[in-house]
file model04.cif (mmCIF, N, CA, C and O atoms)
data_input
loop_
_atom_site.label_atom_id
_atom_site.label_comp_id
_atom_site.auth_asym_id
_atom_site.auth_seq_id
_atom_site.Cartn_x
_atom_site.Cartn_y
_atom_site.Cartn_z
N MET A 19 132.31 25.58 163.04
CA MET A 19 130.96 25.80 162.58
C MET A 19 130.95 25.87 161.05
O MET A 19 131.82 26.49 160.46
N ILE A 20 129.97 25.30 160.47
CA ILE A 20 129.83 25.29 159.02
C ILE A 20 129.02 26.51 158.59
O ILE A 20 127.91 26.72 159.07
N ASP A 21 129.59 27.31 157.69
CA ASP A 21 128.92 28.51 157.19
C ASP A 21 128.49 28.28 155.75
O ASP A 21 129.31 28.27 154.84
N LEU A 22 127.21 28.06 155.54
CA LEU A 22 126.67 27.81 154.20
C LEU A 22 126.07 29.05 153.56
O LEU A 22 125.42 28.97 152.54
N SER A 23 126.32 30.22 154.14
CA SER A 23 125.72 31.45 153.64
C SER A 23 126.34 31.90 152.31
O SER A 23 125.73 32.70 151.60
N ASN A 24 127.53 31.45 151.97
CA ASN A 24 128.19 31.85 150.72
C ASN A 24 127.79 31.01 149.51
O ASN A 24 128.24 31.28 148.41
N ILE A 25 126.95 30.02 149.72
CA ILE A 25 126.55 29.14 148.62
C ILE A 25 125.60 29.89 147.69
O ILE A 25 124.61 30.47 148.13
N LYS A 26 125.93 29.88 146.41
CA LYS A 26 125.13 30.58 145.41
C LYS A 26 124.38 29.61 144.50
O LYS A 26 123.35 29.96 143.94
N ASN A 27 124.90 28.39 144.35
CA ASN A 27 124.31 27.43 143.43
C ASN A 27 123.90 26.17 144.19
O ASN A 27 124.72 25.58 144.90
N TYR A 28 122.66 25.79 144.02
CA TYR A 28 122.14 24.56 144.62
C TYR A 28 121.75 23.62 143.49
O TYR A 28 121.00 24.02 142.59
N TYR A 29 122.24 22.40 143.53
CA TYR A 29 121.93 21.41 142.50
C TYR A 29 121.29 20.20 143.15
O TYR A 29 121.76 19.72 144.17
N ILE A 30 120.21 19.72 142.55
CA ILE A 30 119.53 18.52 143.02
C ILE A 30 119.72 17.45 141.97
O ILE A 30 119.34 17.64 140.81
N ALA A 31 120.31 16.33 142.36
CA ALA A 31 120.53 15.22 141.44
C ALA A 31 119.19 14.59 141.09
O ALA A 31 118.38 14.28 141.98
N CYS A 32 118.92 14.43 139.81
CA CYS A 32 117.66 13.84 139.35
C CYS A 32 117.64 12.34 139.63
O CYS A 32 118.65 11.67 139.52
N GLY A 33 116.48 11.85 139.97
CA GLY A 33 116.33 10.42 140.21
C GLY A 33 116.82 10.03 141.60
O GLY A 33 117.05 10.87 142.46
N TYR A 34 116.94 8.73 141.79
CA TYR A 34 117.37 8.21 143.08
C TYR A 34 118.86 7.94 143.07
O TYR A 34 119.42 7.47 142.09
N THR A 35 119.51 8.23 144.19
CA THR A 35 120.93 7.99 144.36
C THR A 35 121.10 6.98 145.49
O THR A 35 120.38 7.03 146.49
N ASP A 36 122.06 6.09 145.33
CA ASP A 36 122.38 5.14 146.38
C ASP A 36 123.05 5.91 147.52
O ASP A 36 124.19 6.34 147.40
N LEU A 37 122.33 6.09 148.63
CA LEU A 37 122.85 6.89 149.72
C LEU A 37 123.89 6.15 150.55
O LEU A 37 124.42 6.71 151.51
N ARG A 38 124.22 4.94 150.17
CA ARG A 38 125.34 4.25 150.83
C ARG A 38 126.67 4.81 150.35
O ARG A 38 127.69 4.58 150.97
N ARG A 39 126.64 5.56 149.26
CA ARG A 39 127.86 6.18 148.74
C ARG A 39 128.37 7.23 149.72
O ARG A 39 127.59 7.94 150.34
N GLY A 40 129.66 7.37 149.76
CA GLY A 40 130.29 8.37 150.61
C GLY A 40 130.71 9.58 149.79
O GLY A 40 130.21 9.82 148.69
N ILE A 41 131.65 10.33 150.32
CA ILE A 41 132.11 11.55 149.67
C ILE A 41 132.66 11.27 148.28
O ILE A 41 132.30 11.94 147.31
N ASP A 42 133.54 10.29 148.15
CA ASP A 42 134.17 10.00 146.86
C ASP A 42 133.15 9.54 145.82
O ASP A 42 133.21 9.96 144.66
N GLY A 43 132.21 8.71 146.22
CA GLY A 43 131.20 8.23 145.28
C GLY A 43 130.27 9.32 144.81
O GLY A 43 129.93 9.40 143.63
N LEU A 44 129.85 10.19 145.71
CA LEU A 44 128.97 11.29 145.33
C LEU A 44 129.71 12.33 144.49
O LEU A 44 129.16 12.88 143.54
N ALA A 45 130.97 12.60 144.83
CA ALA A 45 131.77 13.53 144.02
C ALA A 45 131.97 12.99 142.62
O ALA A 45 131.97 13.75 141.65
N GLN A 46 132.12 11.68 142.50
CA GLN A 46 132.27 11.06 141.18
C GLN A 46 130.99 11.23 140.36
O GLN A 46 131.06 11.50 139.16
N ILE A 47 129.84 11.10 140.98
CA ILE A 47 128.56 11.32 140.28
C ILE A 47 128.49 12.76 139.76
O ILE A 47 128.12 12.99 138.61
N VAL A 48 128.86 13.71 140.59
CA VAL A 48 128.80 15.12 140.21
C VAL A 48 129.70 15.39 139.00
O VAL A 48 129.31 16.04 138.05
N MET A 49 130.92 14.86 139.05
CA MET A 49 131.88 15.16 137.99
C MET A 49 131.65 14.36 136.71
O MET A 49 131.72 14.92 135.62
N LEU A 50 131.34 13.08 136.84
CA LEU A 50 131.21 12.24 135.64
C LEU A 50 129.81 12.30 135.01
O LEU A 50 129.68 12.40 133.80
N GLN A 51 128.78 12.24 135.83
CA GLN A 51 127.42 12.18 135.29
C GLN A 51 126.90 13.57 134.91
O GLN A 51 126.20 13.72 133.91
N TYR A 52 127.22 14.58 135.71
CA TYR A 52 126.69 15.91 135.46
C TYR A 52 127.72 16.88 134.89
O TYR A 52 127.36 17.95 134.41
N GLY A 53 129.00 16.56 134.97
CA GLY A 53 130.04 17.39 134.38
C GLY A 53 130.35 18.67 135.13
O GLY A 53 130.87 19.61 134.56
N TYR A 54 130.04 18.72 136.41
CA TYR A 54 130.31 19.90 137.22
C TYR A 54 131.55 19.70 138.07
O TYR A 54 131.87 18.59 138.47
N GLU A 55 132.21 20.79 138.38
CA GLU A 55 133.30 20.80 139.35
C GLU A 55 132.70 21.23 140.69
O GLU A 55 131.89 22.15 140.76
N ILE A 56 133.13 20.60 141.75
CA ILE A 56 132.63 20.95 143.08
C ILE A 56 133.48 22.10 143.61
O ILE A 56 134.69 22.00 143.68
N ASP A 57 132.82 23.21 143.95
CA ASP A 57 133.53 24.36 144.48
C ASP A 57 132.82 24.89 145.73
O ASP A 57 131.80 24.35 146.16
N GLU A 58 133.36 25.97 146.29
CA GLU A 58 132.82 26.52 147.52
C GLU A 58 131.46 27.18 147.35
O GLU A 58 130.75 27.41 148.33
N ASN A 59 131.08 27.51 146.13
CA ASN A 59 129.82 28.21 145.88
C ASN A 59 128.67 27.28 145.53
O ASN A 59 127.59 27.75 145.21
N SER A 60 128.90 25.97 145.56
CA SER A 60 127.88 25.02 145.12
C SER A 60 127.60 23.97 146.18
O SER A 60 128.51 23.50 146.86
N LEU A 61 126.34 23.60 146.28
CA LEU A 61 125.89 22.53 147.17
C LEU A 61 125.11 21.54 146.32
O LEU A 61 124.21 21.94 145.57
N PHE A 62 125.44 20.28 146.43
CA PHE A 62 124.79 19.22 145.65
C PHE A 62 123.95 18.36 146.58
O PHE A 62 124.43 17.88 147.61
N LEU A 63 122.68 18.17 146.22
CA LEU A 63 121.74 17.39 147.03
C LEU A 63 121.40 16.09 146.34
O LEU A 63 121.17 16.05 145.13
N PHE A 64 121.32 15.01 147.13
CA PHE A 64 121.03 13.68 146.61
C PHE A 64 119.92 13.06 147.45
O PHE A 64 119.96 13.09 148.68
N CYS A 65 118.93 12.49 146.78
CA CYS A 65 117.81 11.81 147.43
C CYS A 65 117.91 10.32 147.17
O CYS A 65 118.27 9.89 146.09
N GLY A 66 117.52 9.53 148.16
CA GLY A 66 117.48 8.09 148.00
C GLY A 66 116.07 7.62 147.72
O GLY A 66 115.16 8.41 147.48
N ARG A 67 115.87 6.32 147.76
CA ARG A 67 114.53 5.77 147.52
C ARG A 67 113.58 6.12 148.66
O ARG A 67 112.40 6.33 148.45
N ARG A 68 114.11 6.15 149.86
CA ARG A 68 113.28 6.58 150.99
C ARG A 68 113.19 8.09 150.94
O ARG A 68 114.19 8.78 150.85
N THR A 69 112.01 8.61 151.05
CA THR A 69 111.82 10.06 150.88
C THR A 69 112.04 10.85 152.17
O THR A 69 111.80 12.04 152.20
N ASP A 70 112.51 10.18 153.22
CA ASP A 70 112.76 10.89 154.47
C ASP A 70 114.25 11.14 154.70
O ASP A 70 114.64 11.61 155.76
N ARG A 71 115.10 10.86 153.69
CA ARG A 71 116.55 11.02 153.83
C ARG A 71 117.13 11.79 152.66
O ARG A 71 116.70 11.65 151.53
N ILE A 72 118.15 12.59 152.97
CA ILE A 72 118.80 13.38 151.94
C ILE A 72 120.27 13.57 152.33
O ILE A 72 120.60 13.63 153.51
N LYS A 73 121.15 13.62 151.33
CA LYS A 73 122.57 13.90 151.55
C LYS A 73 122.95 15.12 150.74
O LYS A 73 122.43 15.35 149.66
N ALA A 74 123.88 15.89 151.30
CA ALA A 74 124.39 17.08 150.62
C ALA A 74 125.91 17.02 150.60
O ALA A 74 126.53 16.60 151.57
N LEU A 75 126.49 17.44 149.48
CA LEU A 75 127.94 17.47 149.31
C LEU A 75 128.37 18.90 149.02
O LEU A 75 127.80 19.55 148.15
N TRP A 76 129.40 19.35 149.75
CA TRP A 76 129.88 20.72 149.62
C TRP A 76 131.38 20.73 149.82
O TRP A 76 131.91 19.96 150.62
N PHE A 77 132.08 21.56 149.07
CA PHE A 77 133.52 21.72 149.23
C PHE A 77 133.77 22.99 150.02
O PHE A 77 133.37 24.08 149.62
N SER A 78 134.44 22.88 151.16
CA SER A 78 134.60 24.02 152.07
C SER A 78 135.86 24.84 151.82
O SER A 78 136.13 25.77 152.55
N GLY A 79 136.62 24.50 150.81
CA GLY A 79 137.86 25.22 150.51
C GLY A 79 139.09 24.41 150.84
O GLY A 79 140.08 24.46 150.13
N ASP A 80 139.01 23.64 151.92
CA ASP A 80 140.14 22.79 152.27
C ASP A 80 139.77 21.31 152.33
O ASP A 80 140.59 20.46 152.65
N GLY A 81 138.52 20.99 152.01
CA GLY A 81 138.07 19.61 152.01
C GLY A 81 136.58 19.51 151.76
O GLY A 81 135.88 20.52 151.70
N TYR A 82 136.12 18.28 151.61
CA TYR A 82 134.71 18.04 151.34
C TYR A 82 133.93 17.89 152.65
O TYR A 82 134.45 17.37 153.64
N VAL A 83 132.67 18.31 152.60
CA VAL A 83 131.76 18.15 153.73
C VAL A 83 130.56 17.35 153.23
O VAL A 83 129.96 17.69 152.21
N LEU A 84 130.22 16.29 153.95
CA LEU A 84 129.06 15.47 153.62
C LEU A 84 128.03 15.64 154.72
O LEU A 84 128.31 15.36 155.89
N LEU A 85 126.86 16.13 154.36
CA LEU A 85 125.77 16.34 155.31
C LEU A 85 124.69 15.29 155.06
O LEU A 85 124.38 14.98 153.91
N TYR A 86 124.10 14.78 156.13
CA TYR A 86 123.07 13.74 156.03
C TYR A 86 121.93 14.13 156.94
O TYR A 86 122.13 14.47 158.10
N LYS A 87 120.72 14.11 156.40
CA LYS A 87 119.55 14.49 157.18
C LYS A 87 118.48 13.42 157.03
O LYS A 87 118.15 13.00 155.93
N ARG A 88 117.95 12.96 158.17
CA ARG A 88 116.84 12.00 158.17
C ARG A 88 115.72 12.60 159.01
O ARG A 88 115.93 12.97 160.16
N LEU A 89 114.54 12.71 158.42
CA LEU A 89 113.40 13.26 159.12
C LEU A 89 112.76 12.20 160.01
O LEU A 89 112.68 11.02 159.65
N ASN A 90 112.31 12.60 161.19
CA ASN A 90 111.59 11.69 162.07
C ASN A 90 110.17 11.46 161.58
O ASN A 90 109.67 10.34 161.60
N ASN A 91 109.53 12.52 161.15
CA ASN A 91 108.16 12.44 160.66
C ASN A 91 108.07 13.18 159.33
O ASN A 91 108.64 14.25 159.19
N GLY A 92 107.40 12.62 158.37
CA GLY A 92 107.22 13.28 157.09
C GLY A 92 108.26 12.86 156.07
O GLY A 92 109.01 11.91 156.27
N SER A 93 108.25 13.59 154.95
CA SER A 93 109.18 13.28 153.87
C SER A 93 109.49 14.55 153.10
O SER A 93 108.83 15.56 153.26
N TYR A 94 110.53 14.47 152.27
CA TYR A 94 110.92 15.60 151.45
C TYR A 94 110.06 15.75 150.20
O TYR A 94 109.97 16.81 149.64
N CYS A 95 109.45 14.67 149.77
CA CYS A 95 108.65 14.71 148.54
C CYS A 95 107.18 14.82 148.84
O CYS A 95 106.68 14.40 149.78
#
call {"tool": "encode", "arguments": {"input": "model04.cif", "output": "C-alpha cells"}}
result
Amino acid sequence: MIDLSNIKNYYIACGYTDLRRGIDGLAQIVMLQYGYEIDENSLFLFCGRRTDRIKALWFSGDGYVLLYKRLNNGSYC
C-alpha cells in the first residue's frame, strides 16, 4: 500500500508536460528544469494538454513511484 501521508511539499509543474514521459523523463524535468531533488517528502504533479489527465512522481525511499490519473468526466482545470 502506498502511504502518501508523510508528504509535506507538493509541486505543480508549470505549463504542459508531455505525459508520454516515464519516471526517468519526469525526474529529469524536476532536477534539470526546476533544480529540485526528489525525496520522500515531496510529490511532483504534471499536467498534459488534455485537462482530464495528470501524473505524479514520488520517491518512496527505495524507488520511484509514478501515479497516473484520468478522469471519466470533467477536468482538473
call {"tool": "residues_around", "arguments": {"input": "model04.cif", "residues": "Ile56 in chain A", "least_positions_apart": "3", "cutoff": "10 Å", "atoms": "only C-alpha atoms", "output": "number ranges by chain"}}
result
A: 45, 48-49, 53, 59-62, 75-78, 82
call {"tool": "atom_distance", "arguments": {"input": "model04.cif", "atom1": "CA of Leu85 in chain A", "atom2": "CA of Lys73 in chain A"}}
result
5.5 Å
call {"tool": "select_by_dssp", "arguments": {"input": "model04.cif", "residues": "range 25-68 of chain A", "states": "strand (DSSP E)", "output": "PyMOL selection string"}}
result
chain A and resi 27-30+60-65
call {"tool": "atom_distance", "arguments": {"input": "model04.cif", "atom1": "atom C of Leu50 in chain A", "atom2": "atom C of Gly33 in chain A"}}
result
14.7 Å
call {"tool": "residues_around", "arguments": {"input": "model04.cif", "residues": "Tyr86 in chain A", "least_positions_apart": "3", "cutoff": "9 Å", "atoms": "only C-alpha atoms", "output": "compact mmCIF listing (two decimals) with N, CA, C and O atoms, in the coordinates of the input"}}
result
# COMPACT_ATOMS: atom_id res chain seq x y z
N ARG A 71 115.10 10.86 153.69
CA ARG A 71 116.55 11.02 153.83
C ARG A 71 117.13 11.79 152.66
O ARG A 71 116.70 11.65 151.53
N ILE A 72 118.15 12.59 152.97
CA ILE A 72 118.80 13.38 151.94
C ILE A 72 120.27 13.57 152.33
O ILE A 72 120.60 13.63 153.51
N LYS A 73 121.15 13.62 151.33
CA LYS A 73 122.57 13.90 151.55
C LYS A 73 122.95 15.12 150.74
O LYS A 73 122.43 15.35 149.66
N ALA A 74 123.88 15.89 151.30
CA ALA A 74 124.39 17.08 150.62
C ALA A 74 125.91 17.02 150.60
O ALA A 74 126.53 16.60 151.57
call {"tool": "atom_distance", "arguments": {"input": "model04.cif", "atom1": "atom N of Asp57 in chain A", "atom2": "atom O of Tyr34 in chain A"}}
result
20.8 Å
call {"tool": "resolve_selection", "arguments": {"input": "model04.cif", "expression": "the PyMOL selection byres ((chain A and resi 30) around 7)", "output": "PyMOL selection string"}}
result
chain A and resi 28-29+31-33+61-65
call {"tool": "closest_residue", "arguments": {"input": "model04.cif", "among": "A:Ile41, A:Met19, A:Ile25, A:Ile47", "to": "Gly81 in chain A", "atoms": "only C-alpha atoms"}}
result
A:Ile41
call {"tool": "select_by_dssp", "arguments": {"input": "model04.cif", "residues": "chain A", "states": "alpha helix (DSSP H)", "output": "PyMOL selection string"}}
result
chain A and resi 41-46
call {"tool": "closest_residue", "arguments": {"input": "model04.cif", "among": "A:Glu55, A:Val83, A:Asn24, A:Arg88", "to": "Leu37 in chain A", "atoms": "only C-alpha atoms"}}
result
A:Arg88
call {"tool": "closest_residue", "arguments": {"input": "model04.cif", "among": "A:Leu84, A:Glu58, A:Leu89, A:Arg68", "to": "Lys26 in chain A", "atoms": "all atoms listed in the file"}}
result
A:Glu58
call {"tool": "residues_near_point", "arguments": {"input": "model04.cif", "point": "(110.3, 10.3, 156.4)", "cutoff": "6 Å", "atoms": "all atoms listed in the file", "output": "list in words"}}
result
Thr69, Asp70, Arg71, Leu89, Asn90, Asn91, Gly92, Ser93 and Tyr94 of chain A
